[in-house]
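This is final28.cif. It holds mmCIF, N, CA and C atoms and all ligand atoms.
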data_structure
#
loop_
_atom_site.label_atom_id
_atom_site.label_comp_id
_atom_site.auth_asym_id
_atom_site.auth_seq_id
_atom_site.Cartn_x
_atom_site.Cartn_y
_atom_site.Cartn_z
N MET A 1 -42.29 -24.87 -11.78
CA MET A 1 -41.70 -25.43 -13.00
C MET A 1 -40.45 -26.23 -12.66
N GLU A 2 -40.45 -27.47 -13.07
CA GLU A 2 -39.28 -28.34 -12.82
C GLU A 2 -38.13 -27.90 -13.71
N GLN A 3 -36.96 -27.69 -13.11
CA GLN A 3 -35.81 -27.29 -13.92
C GLN A 3 -34.80 -28.42 -13.99
N ASP A 4 -34.05 -28.42 -15.08
CA ASP A 4 -32.98 -29.43 -15.19
C ASP A 4 -31.95 -29.16 -14.11
N LEU A 5 -31.41 -30.19 -13.54
CA LEU A 5 -30.39 -30.04 -12.50
C LEU A 5 -29.02 -30.26 -13.11
N THR A 6 -28.07 -29.46 -12.66
CA THR A 6 -26.68 -29.64 -13.08
C THR A 6 -25.89 -30.09 -11.86
N ARG A 7 -25.11 -31.11 -12.04
CA ARG A 7 -24.31 -31.61 -10.92
C ARG A 7 -22.96 -30.89 -10.89
N ILE A 8 -22.56 -30.41 -9.70
CA ILE A 8 -21.25 -29.76 -9.58
C ILE A 8 -20.46 -30.43 -8.46
N GLY A 9 -19.15 -30.34 -8.56
CA GLY A 9 -18.29 -30.85 -7.49
C GLY A 9 -17.68 -29.68 -6.76
N VAL A 10 -17.76 -29.69 -5.44
CA VAL A 10 -17.23 -28.57 -4.65
C VAL A 10 -16.29 -29.12 -3.59
N SER A 11 -15.14 -28.49 -3.44
CA SER A 11 -14.21 -28.88 -2.38
C SER A 11 -14.42 -27.97 -1.19
N LEU A 12 -14.63 -28.55 -0.01
CA LEU A 12 -14.87 -27.76 1.19
C LEU A 12 -14.00 -28.27 2.33
N PRO A 13 -13.58 -27.36 3.22
CA PRO A 13 -12.90 -27.83 4.43
C PRO A 13 -13.86 -28.70 5.23
N GLU A 14 -13.31 -29.76 5.85
CA GLU A 14 -14.14 -30.74 6.55
C GLU A 14 -15.03 -30.10 7.62
N ASN A 15 -14.43 -29.14 8.39
CA ASN A 15 -15.22 -28.55 9.49
C ASN A 15 -16.37 -27.69 8.97
N LEU A 16 -16.17 -27.06 7.81
CA LEU A 16 -17.23 -26.25 7.22
C LEU A 16 -18.40 -27.16 6.80
N LEU A 17 -18.04 -28.26 6.16
CA LEU A 17 -19.08 -29.21 5.74
C LEU A 17 -19.77 -29.82 6.95
N GLY A 18 -19.00 -30.12 8.00
CA GLY A 18 -19.56 -30.69 9.22
C GLY A 18 -20.60 -29.76 9.83
N LYS A 19 -20.26 -28.48 9.90
CA LYS A 19 -21.19 -27.51 10.48
C LYS A 19 -22.42 -27.33 9.60
N PHE A 20 -22.20 -27.32 8.31
CA PHE A 20 -23.33 -27.19 7.38
C PHE A 20 -24.28 -28.39 7.54
N ASP A 21 -23.70 -29.60 7.63
CA ASP A 21 -24.51 -30.80 7.80
C ASP A 21 -25.31 -30.75 9.11
N GLU A 22 -24.68 -30.24 10.18
CA GLU A 22 -25.39 -30.09 11.46
C GLU A 22 -26.63 -29.22 11.29
N ILE A 23 -26.45 -28.10 10.59
CA ILE A 23 -27.56 -27.16 10.41
C ILE A 23 -28.67 -27.77 9.57
N ILE A 24 -28.29 -28.40 8.47
CA ILE A 24 -29.36 -28.94 7.61
C ILE A 24 -30.08 -30.10 8.29
N THR A 25 -29.37 -30.82 9.17
CA THR A 25 -30.04 -31.88 9.95
C THR A 25 -31.05 -31.25 10.91
N LYS A 26 -30.60 -30.22 11.65
CA LYS A 26 -31.50 -29.54 12.59
C LYS A 26 -32.71 -28.94 11.89
N ARG A 27 -32.47 -28.41 10.70
CA ARG A 27 -33.56 -27.74 9.99
C ARG A 27 -34.42 -28.71 9.20
N GLY A 28 -34.02 -29.96 9.17
CA GLY A 28 -34.85 -31.00 8.57
C GLY A 28 -34.83 -31.08 7.05
N TYR A 29 -33.72 -30.68 6.44
CA TYR A 29 -33.62 -30.84 4.99
C TYR A 29 -33.54 -32.32 4.63
N SER A 30 -34.14 -32.66 3.50
CA SER A 30 -34.15 -34.07 3.10
C SER A 30 -32.79 -34.51 2.57
N SER A 31 -32.00 -33.56 2.07
CA SER A 31 -30.69 -33.94 1.55
C SER A 31 -29.74 -32.75 1.64
N ARG A 32 -28.46 -33.07 1.57
CA ARG A 32 -27.43 -32.03 1.57
C ARG A 32 -27.62 -31.11 0.35
N SER A 33 -27.98 -31.71 -0.80
CA SER A 33 -28.17 -30.92 -2.02
C SER A 33 -29.24 -29.86 -1.82
N GLU A 34 -30.35 -30.26 -1.16
CA GLU A 34 -31.43 -29.29 -0.95
C GLU A 34 -30.94 -28.15 -0.05
N GLY A 35 -30.16 -28.48 0.98
CA GLY A 35 -29.58 -27.46 1.86
C GLY A 35 -28.67 -26.51 1.11
N ILE A 36 -27.85 -27.06 0.24
CA ILE A 36 -26.92 -26.23 -0.54
C ILE A 36 -27.69 -25.33 -1.51
N ARG A 37 -28.73 -25.88 -2.13
CA ARG A 37 -29.55 -25.05 -3.04
C ARG A 37 -30.15 -23.87 -2.28
N ASP A 38 -30.65 -24.14 -1.07
CA ASP A 38 -31.25 -23.08 -0.26
C ASP A 38 -30.22 -22.04 0.16
N ALA A 39 -29.03 -22.51 0.53
CA ALA A 39 -27.96 -21.60 0.94
C ALA A 39 -27.57 -20.69 -0.23
N ILE A 40 -27.50 -21.26 -1.43
CA ILE A 40 -27.15 -20.47 -2.62
C ILE A 40 -28.26 -19.46 -2.92
N ARG A 41 -29.52 -19.88 -2.75
CA ARG A 41 -30.63 -18.93 -2.95
C ARG A 41 -30.51 -17.76 -1.96
N GLY A 42 -30.17 -18.06 -0.71
CA GLY A 42 -30.00 -17.02 0.31
C GLY A 42 -28.87 -16.07 -0.06
N TYR A 43 -27.79 -16.61 -0.58
CA TYR A 43 -26.64 -15.82 -1.00
C TYR A 43 -27.04 -14.87 -2.13
N ILE A 44 -27.82 -15.40 -3.08
CA ILE A 44 -28.26 -14.59 -4.23
C ILE A 44 -29.23 -13.49 -3.76
N ARG A 45 -30.15 -13.86 -2.84
CA ARG A 45 -31.08 -12.85 -2.31
C ARG A 45 -30.33 -11.72 -1.60
N TYR A 46 -29.33 -12.10 -0.81
CA TYR A 46 -28.56 -11.10 -0.07
C TYR A 46 -27.83 -10.17 -1.06
N TYR A 47 -27.27 -10.77 -2.11
CA TYR A 47 -26.58 -9.97 -3.12
C TYR A 47 -27.56 -9.03 -3.81
N ALA A 48 -28.77 -9.53 -4.13
CA ALA A 48 -29.79 -8.71 -4.79
C ALA A 48 -30.20 -7.57 -3.88
N TRP A 49 -30.37 -7.88 -2.58
CA TRP A 49 -30.71 -6.83 -1.61
C TRP A 49 -29.61 -5.77 -1.60
N MET A 50 -28.37 -6.23 -1.56
CA MET A 50 -27.26 -5.27 -1.53
C MET A 50 -27.25 -4.40 -2.79
N SER A 51 -27.59 -5.00 -3.91
CA SER A 51 -27.57 -4.25 -5.18
C SER A 51 -28.62 -3.15 -5.20
N GLU A 52 -29.69 -3.33 -4.41
CA GLU A 52 -30.77 -2.35 -4.41
C GLU A 52 -30.52 -1.17 -3.47
N VAL A 53 -29.54 -1.31 -2.59
CA VAL A 53 -29.25 -0.25 -1.64
C VAL A 53 -28.63 0.93 -2.39
N GLU A 54 -29.24 2.13 -2.24
CA GLU A 54 -28.67 3.29 -2.93
C GLU A 54 -28.89 4.56 -2.13
N GLY A 55 -28.16 5.61 -2.52
CA GLY A 55 -28.29 6.90 -1.85
C GLY A 55 -27.38 6.99 -0.63
N GLU A 56 -27.55 8.07 0.12
CA GLU A 56 -26.74 8.31 1.32
C GLU A 56 -27.15 7.32 2.42
N ARG A 57 -26.18 6.67 3.01
CA ARG A 57 -26.47 5.64 4.03
C ARG A 57 -25.55 5.78 5.22
N VAL A 58 -26.04 5.41 6.37
CA VAL A 58 -25.18 5.17 7.52
C VAL A 58 -25.40 3.71 7.91
N GLY A 59 -24.42 3.10 8.52
CA GLY A 59 -24.62 1.71 8.89
C GLY A 59 -23.40 1.07 9.49
N THR A 60 -23.45 -0.26 9.52
CA THR A 60 -22.33 -1.02 10.08
C THR A 60 -21.97 -2.16 9.14
N ILE A 61 -20.69 -2.47 9.15
CA ILE A 61 -20.22 -3.70 8.52
C ILE A 61 -19.63 -4.53 9.66
N SER A 62 -20.25 -5.66 9.95
CA SER A 62 -19.72 -6.55 10.99
C SER A 62 -18.93 -7.65 10.32
N LEU A 63 -17.75 -7.94 10.84
CA LEU A 63 -16.98 -9.03 10.26
C LEU A 63 -16.30 -9.86 11.33
N VAL A 64 -16.22 -11.14 11.04
CA VAL A 64 -15.50 -12.06 11.91
C VAL A 64 -14.35 -12.62 11.09
N TYR A 65 -13.15 -12.58 11.64
CA TYR A 65 -12.01 -13.09 10.88
C TYR A 65 -10.97 -13.74 11.76
N ASP A 66 -10.15 -14.52 11.08
CA ASP A 66 -9.06 -15.23 11.75
C ASP A 66 -7.80 -14.37 11.59
N HIS A 67 -7.39 -13.71 12.66
CA HIS A 67 -6.28 -12.76 12.51
C HIS A 67 -4.94 -13.45 12.26
N SER A 68 -4.89 -14.79 12.47
CA SER A 68 -3.64 -15.50 12.21
C SER A 68 -3.46 -15.83 10.73
N GLN A 69 -4.52 -15.60 9.94
CA GLN A 69 -4.41 -15.81 8.49
C GLN A 69 -3.37 -14.84 7.92
N ARG A 70 -2.37 -15.41 7.25
CA ARG A 70 -1.28 -14.59 6.75
C ARG A 70 -1.78 -13.47 5.82
N GLY A 71 -1.39 -12.25 6.10
CA GLY A 71 -1.70 -11.13 5.22
C GLY A 71 -3.06 -10.49 5.46
N LEU A 72 -3.90 -11.16 6.24
CA LEU A 72 -5.27 -10.65 6.41
C LEU A 72 -5.30 -9.27 7.07
N VAL A 73 -4.60 -9.14 8.19
CA VAL A 73 -4.67 -7.89 8.95
C VAL A 73 -4.17 -6.72 8.08
N ASN A 74 -3.10 -6.95 7.34
CA ASN A 74 -2.59 -5.89 6.46
C ASN A 74 -3.59 -5.53 5.38
N SER A 75 -4.21 -6.55 4.76
CA SER A 75 -5.19 -6.28 3.70
C SER A 75 -6.36 -5.48 4.26
N LEU A 76 -6.80 -5.87 5.45
CA LEU A 76 -7.94 -5.20 6.06
C LEU A 76 -7.60 -3.74 6.38
N LEU A 77 -6.42 -3.55 6.96
CA LEU A 77 -6.02 -2.18 7.30
C LEU A 77 -5.86 -1.32 6.04
N ASP A 78 -5.31 -1.93 4.97
CA ASP A 78 -5.17 -1.19 3.71
C ASP A 78 -6.54 -0.69 3.24
N ILE A 79 -7.54 -1.57 3.29
CA ILE A 79 -8.89 -1.21 2.85
C ILE A 79 -9.47 -0.13 3.77
N GLU A 80 -9.27 -0.31 5.10
CA GLU A 80 -9.82 0.66 6.04
C GLU A 80 -9.22 2.05 5.81
N HIS A 81 -7.93 2.10 5.45
CA HIS A 81 -7.32 3.40 5.18
C HIS A 81 -7.75 3.95 3.82
N GLU A 82 -7.82 3.05 2.83
CA GLU A 82 -8.22 3.47 1.48
C GLU A 82 -9.62 4.10 1.51
N PHE A 83 -10.50 3.54 2.36
CA PHE A 83 -11.88 4.03 2.43
C PHE A 83 -12.13 4.81 3.72
N SER A 84 -11.13 5.57 4.16
CA SER A 84 -11.27 6.28 5.45
C SER A 84 -12.39 7.33 5.42
N GLU A 85 -12.76 7.77 4.22
CA GLU A 85 -13.89 8.73 4.11
C GLU A 85 -15.22 8.03 4.43
N ILE A 86 -15.27 6.73 4.16
CA ILE A 86 -16.50 5.95 4.35
C ILE A 86 -16.50 5.31 5.74
N ILE A 87 -15.38 4.70 6.11
CA ILE A 87 -15.29 4.02 7.40
C ILE A 87 -14.90 5.05 8.45
N ARG A 88 -15.89 5.47 9.25
CA ARG A 88 -15.66 6.59 10.18
C ARG A 88 -15.10 6.12 11.51
N SER A 89 -15.38 4.87 11.87
CA SER A 89 -14.92 4.38 13.16
C SER A 89 -14.99 2.86 13.17
N SER A 90 -14.33 2.24 14.13
CA SER A 90 -14.42 0.78 14.22
C SER A 90 -14.28 0.32 15.66
N ILE A 91 -14.86 -0.83 15.93
CA ILE A 91 -14.79 -1.45 17.26
C ILE A 91 -14.22 -2.84 17.04
N HIS A 92 -13.29 -3.24 17.89
CA HIS A 92 -12.66 -4.54 17.73
C HIS A 92 -12.80 -5.35 19.00
N MET A 93 -13.20 -6.60 18.87
CA MET A 93 -13.25 -7.48 20.03
C MET A 93 -12.52 -8.78 19.70
N HIS A 94 -11.63 -9.22 20.59
CA HIS A 94 -10.94 -10.50 20.40
C HIS A 94 -11.86 -11.59 20.92
N ILE A 95 -12.30 -12.48 20.03
CA ILE A 95 -13.24 -13.53 20.43
C ILE A 95 -12.51 -14.64 21.16
N ASN A 96 -11.42 -15.08 20.60
CA ASN A 96 -10.57 -16.10 21.24
C ASN A 96 -9.15 -15.93 20.71
N HIS A 97 -8.33 -16.96 20.83
CA HIS A 97 -6.92 -16.83 20.46
C HIS A 97 -6.73 -16.33 19.02
N ASP A 98 -7.57 -16.82 18.10
CA ASP A 98 -7.38 -16.48 16.68
C ASP A 98 -8.45 -15.56 16.10
N MET A 99 -9.68 -15.68 16.62
CA MET A 99 -10.79 -15.02 15.96
C MET A 99 -11.07 -13.62 16.53
N CYS A 100 -11.43 -12.72 15.62
CA CYS A 100 -11.75 -11.35 16.00
C CYS A 100 -13.12 -10.97 15.44
N LEU A 101 -13.81 -10.13 16.19
CA LEU A 101 -15.03 -9.51 15.68
C LEU A 101 -14.74 -8.03 15.53
N GLU A 102 -15.04 -7.49 14.36
CA GLU A 102 -14.84 -6.07 14.14
C GLU A 102 -16.12 -5.47 13.57
N VAL A 103 -16.49 -4.32 14.08
CA VAL A 103 -17.66 -3.62 13.55
C VAL A 103 -17.18 -2.27 13.02
N LEU A 104 -17.40 -2.04 11.74
CA LEU A 104 -17.01 -0.78 11.12
C LEU A 104 -18.25 0.10 11.02
N LEU A 105 -18.11 1.34 11.44
CA LEU A 105 -19.23 2.28 11.33
C LEU A 105 -19.02 3.08 10.05
N VAL A 106 -20.00 3.03 9.17
CA VAL A 106 -19.81 3.62 7.84
C VAL A 106 -20.85 4.69 7.54
N ARG A 107 -20.42 5.60 6.71
CA ARG A 107 -21.33 6.64 6.23
C ARG A 107 -20.88 7.05 4.84
N GLY A 108 -21.83 7.13 3.92
CA GLY A 108 -21.47 7.57 2.57
C GLY A 108 -22.46 7.07 1.55
N ASP A 109 -22.08 7.25 0.28
CA ASP A 109 -22.95 6.78 -0.79
C ASP A 109 -23.00 5.25 -0.76
N ALA A 110 -24.20 4.71 -0.98
CA ALA A 110 -24.40 3.27 -0.90
C ALA A 110 -23.43 2.49 -1.79
N ARG A 111 -23.10 3.05 -2.95
CA ARG A 111 -22.19 2.33 -3.85
C ARG A 111 -20.82 2.13 -3.21
N ASP A 112 -20.35 3.18 -2.53
CA ASP A 112 -19.05 3.08 -1.86
C ASP A 112 -19.12 2.13 -0.67
N VAL A 113 -20.24 2.21 0.06
CA VAL A 113 -20.42 1.33 1.22
C VAL A 113 -20.41 -0.14 0.76
N LYS A 114 -21.08 -0.42 -0.36
CA LYS A 114 -21.11 -1.78 -0.88
C LYS A 114 -19.75 -2.21 -1.42
N ASP A 115 -19.04 -1.26 -2.04
CA ASP A 115 -17.68 -1.54 -2.53
C ASP A 115 -16.79 -2.01 -1.39
N VAL A 116 -16.82 -1.25 -0.30
CA VAL A 116 -15.99 -1.61 0.86
C VAL A 116 -16.38 -3.00 1.35
N THR A 117 -17.69 -3.22 1.47
CA THR A 117 -18.18 -4.51 1.99
C THR A 117 -17.70 -5.66 1.11
N GLU A 118 -17.81 -5.47 -0.20
CA GLU A 118 -17.43 -6.55 -1.11
C GLU A 118 -15.92 -6.77 -1.11
N ARG A 119 -15.16 -5.70 -0.96
CA ARG A 119 -13.69 -5.86 -0.87
C ARG A 119 -13.33 -6.69 0.36
N ILE A 120 -14.00 -6.39 1.48
CA ILE A 120 -13.71 -7.10 2.73
C ILE A 120 -14.10 -8.57 2.61
N MET A 121 -15.24 -8.84 1.94
CA MET A 121 -15.71 -10.22 1.78
C MET A 121 -14.70 -11.10 1.07
N THR A 122 -13.91 -10.49 0.18
CA THR A 122 -13.00 -11.32 -0.64
C THR A 122 -11.66 -11.59 0.04
N ILE A 123 -11.43 -10.99 1.21
CA ILE A 123 -10.15 -11.22 1.89
C ILE A 123 -10.13 -12.65 2.44
N ARG A 124 -9.09 -13.37 2.14
CA ARG A 124 -8.95 -14.75 2.63
C ARG A 124 -8.83 -14.74 4.16
N GLY A 125 -9.66 -15.53 4.82
CA GLY A 125 -9.62 -15.60 6.29
C GLY A 125 -10.77 -14.85 6.94
N VAL A 126 -11.47 -14.02 6.15
CA VAL A 126 -12.66 -13.35 6.67
C VAL A 126 -13.81 -14.36 6.56
N LYS A 127 -14.40 -14.69 7.72
CA LYS A 127 -15.36 -15.81 7.77
C LYS A 127 -16.79 -15.33 7.57
N HIS A 128 -17.06 -14.10 7.98
CA HIS A 128 -18.45 -13.67 8.00
C HIS A 128 -18.48 -12.15 7.85
N VAL A 129 -19.32 -11.67 6.95
CA VAL A 129 -19.46 -10.22 6.77
C VAL A 129 -20.94 -9.89 6.68
N LYS A 130 -21.38 -8.92 7.45
CA LYS A 130 -22.79 -8.54 7.39
C LYS A 130 -22.89 -7.01 7.32
N LEU A 131 -23.54 -6.54 6.28
CA LEU A 131 -23.76 -5.10 6.12
C LEU A 131 -25.19 -4.78 6.54
N THR A 132 -25.34 -3.78 7.40
CA THR A 132 -26.68 -3.26 7.67
C THR A 132 -26.61 -1.76 7.44
N THR A 133 -27.63 -1.22 6.79
CA THR A 133 -27.62 0.23 6.57
C THR A 133 -28.99 0.81 6.87
N ILE A 134 -29.00 2.07 7.24
CA ILE A 134 -30.24 2.81 7.33
C ILE A 134 -30.05 4.14 6.60
N ILE A 135 -31.16 4.74 6.22
CA ILE A 135 -31.10 6.03 5.54
C ILE A 135 -31.04 7.10 6.65
N PRO A 136 -29.99 7.94 6.65
CA PRO A 136 -29.90 8.95 7.70
C PRO A 136 -31.01 9.97 7.58
N GLU A 137 -31.49 10.42 8.70
CA GLU A 137 -32.49 11.49 8.75
C GLU A 137 -33.76 11.16 7.97
N GLU A 138 -34.09 9.87 7.95
CA GLU A 138 -35.32 9.47 7.25
C GLU A 138 -36.52 9.87 8.09
N GLU A 139 -37.49 10.47 7.46
CA GLU A 139 -38.72 10.84 8.17
C GLU A 139 -39.71 9.70 8.04
N ILE A 140 -40.23 9.27 9.18
CA ILE A 140 -41.18 8.14 9.13
C ILE A 140 -42.58 8.65 9.43
NI NI B 201 -8.63 -9.45 17.80
#
When written as structure tokens, how does the structure in this file appear?
Amino acid sequence: MEQDLTRIGVSLPENLLGKFDEIITKRGYSSRSEGIRDAIRGYIRYYAWMSEVEGERVGTISLVYDHSQRGLVNSLLDIEHEFSEIIRSSIHMHINHDMCLEVLLVRGDARDVKDVTERIMTIRGVKHVKLTTIIPEEEI
């Protein structure tokens, strides 16, 4: 079914747009708009997947961030302490001068795990967040 299209204006940092254009060129999208529509669909699917996660979970939250972003490290540490019942451990790797990779090991109710993940996603300077969870002691 053909849907009406709405035109929106979005402001993006030049390097972000440059990288996005590289990807859509490699993947053969006919236009930037089509690439953006697909990216938004992926974002919505990921959110829907996250919304379906429930019950007791163990897992990881992987994040990449720019530690030179003002206030970021404090915000992150505040969250890690606030959710210390959920975030059981963490691993930190310095990627380069500014960028860090951190993996948080989590255990708890899915709602809390998702809360933590969403709080981290909203911190300015956090570039990438990926939650993976499994059901502990699942019998297959
Ligand atoms: Ni670091």
Neighbours of ligand NI 201 (chain B) at 8 Å or closer, counting only C-alpha atoms and all ligand atoms: which residues, as an mmCIF file with N, CA and C atoms, in the coordinates of the input?
data_model
loop_
_atom_site.group_PDB
_atom_site.id
_atom_site.type_symbol
_atom_site.label_atom_id
_atom_site.label_comp_id
_atom_site.auth_asym_id
_atom_site.auth_seq_id
_atom_site.Cartn_x
_atom_site.Cartn_y
_atom_site.Cartn_z
ATOM 1 N N HIS A 67 -7.390 -13.710 12.660
ATOM 2 C CA HIS A 67 -6.280 -12.760 12.510
ATOM 3 C C HIS A 67 -4.940 -13.450 12.260
ATOM 4 N N HIS A 92 -13.290 -3.240 17.890
ATOM 5 C CA HIS A 92 -12.660 -4.540 17.730
ATOM 6 C C HIS A 92 -12.800 -5.350 19.000
ATOM 7 N N MET A 93 -13.200 -6.600 18.870
ATOM 8 C CA MET A 93 -13.250 -7.480 20.030
ATOM 9 C C MET A 93 -12.520 -8.780 19.700
ATOM 10 N N HIS A 94 -11.630 -9.220 20.590
ATOM 11 C CA HIS A 94 -10.940 -10.500 20.400
ATOM 12 C C HIS A 94 -11.860 -11.590 20.920
ATOM 13 N N ILE A 95 -12.300 -12.480 20.030
ATOM 14 C CA ILE A 95 -13.240 -13.530 20.430
ATOM 15 C C ILE A 95 -12.510 -14.640 21.160
ATOM 16 N N ASN A 96 -11.420 -15.080 20.600
ATOM 17 C CA ASN A 96 -10.570 -16.100 21.240
ATOM 18 C C ASN A 96 -9.150 -15.930 20.710
ATOM 19 N N ASP A 98 -7.570 -16.820 18.100
ATOM 20 C CA ASP A 98 -7.380 -16.480 16.680
ATOM 21 C C ASP A 98 -8.450 -15.560 16.100
ATOM 22 N N MET A 99 -9.680 -15.680 16.620
ATOM 23 C CA MET A 99 -10.790 -15.020 15.960
ATOM 24 C C MET A 99 -11.070 -13.620 16.530
ATOM 25 N N CYS A 100 -11.430 -12.720 15.620
ATOM 26 C CA CYS A 100 -11.750 -11.350 16.000
ATOM 27 C C CYS A 100 -13.120 -10.970 15.440
ATOM 28 N N LEU A 101 -13.810 -10.130 16.190
ATOM 29 C CA LEU A 101 -15.030 -9.510 15.680
ATOM 30 C C LEU A 101 -14.740 -8.030 15.530
ATOM 31 N N GLU A 102 -15.040 -7.490 14.360
ATOM 32 C CA GLU A 102 -14.840 -6.070 14.140
ATOM 33 C C GLU A 102 -16.120 -5.470 13.570
#
Item checked: DSSP alpha helix (DSSP H) residues within chain A, as number ranges by chain -> A: 14-27, 32-52, 72-82, 110-121
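Rounded to one decimal, atom C of Ser75 (chain A) and CA of Glu14 (chain A) lie 26.5 Å from each other.
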Check: Between CA of Ile36 (chain A) and atom C of Ser11 (chain A), what is the distance, to one decimal in Å?
Finding: 12.6 Å
With 5 Å on each side, where is the centre of the axis-aligned box around all listed atoms of region 81-99 of chain A, and how long are its edges in Å to one decimal, as AutoDock Vina command-line options?
--center_x -11.6 --center_y -4.1 --center_z 11.4 --size_x 19.8 --size_y 35.7 --size_z 29.8
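Across the structure, atom N of Gln69 (chain A) and atom C of Lys127 (chain A) are spaced 12.5 Å apart.
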Checklist line | Which residue of A:Val106, A:Val10, A:Leu17, A:Leu131 approaches Tyr46 (chain A) most closely, using only C-alpha atoms | finding: A:Leu131
Next item on the list: From a DSSP pass on the backbone, collect the residues of chain A flagged as strand (DSSP E) and hand them back as a ChimeraX atom specification.
Entry: /A:56-66,87-94,99-109,126-134
Next item on the list: Fewer than 5 positions away in the same chain doesn't count, so skip those; otherwise give me all residues within 8 Å of region 47-52 of chain A, counting only N, CA and C atoms, as a list of chain:residue names.
Entry: A:Arg41, A:Gly42, A:Ala110, A:Lys114
Next item on the list: Select, from A:Gln3, A:Ile134, A:Ser33, A:Val126, the residue with the minimum atom-to-atom distance to Tyr65 (chain A), counting all atoms listed in the file.
Entry: A:Val126
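Distance annotation: of A:Arg32, A:Arg88, A:His128, A:His97, the residue with the minimal separation from Gly59 (chain A) is A:Arg88; atom set is only C-alpha atoms.
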Next item on the list: Tell me, as a ChimeraX atom specification, which residues lie within 10 Å of Glu137 (chain A), counting only C-alpha atoms; anything in the same chain fewer than 6 positions away does not count.
Entry: /A:56-58
Next item on the list: Rank A:Leu104, A:Val53, A:Ile8, A:Val116 by their smallest atom-to-atom distance to Phe83 (chain A), using all atoms listed in the file, and report the top residue only.
Entry: A:Val116
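Using all atoms listed in the file, the shortest contact distance between Asp66 (chain A) and any of A:Arg27, A:Arg7, A:Lys130, A:Arg124 is found at A:Arg124.
Shortest separation to Ile120 (chain A) among A:Ile79, A:Arg107, A:Tyr29, A:Ile135 occurs at residue A:Ile79, atoms counted being only N, CA and C atoms.
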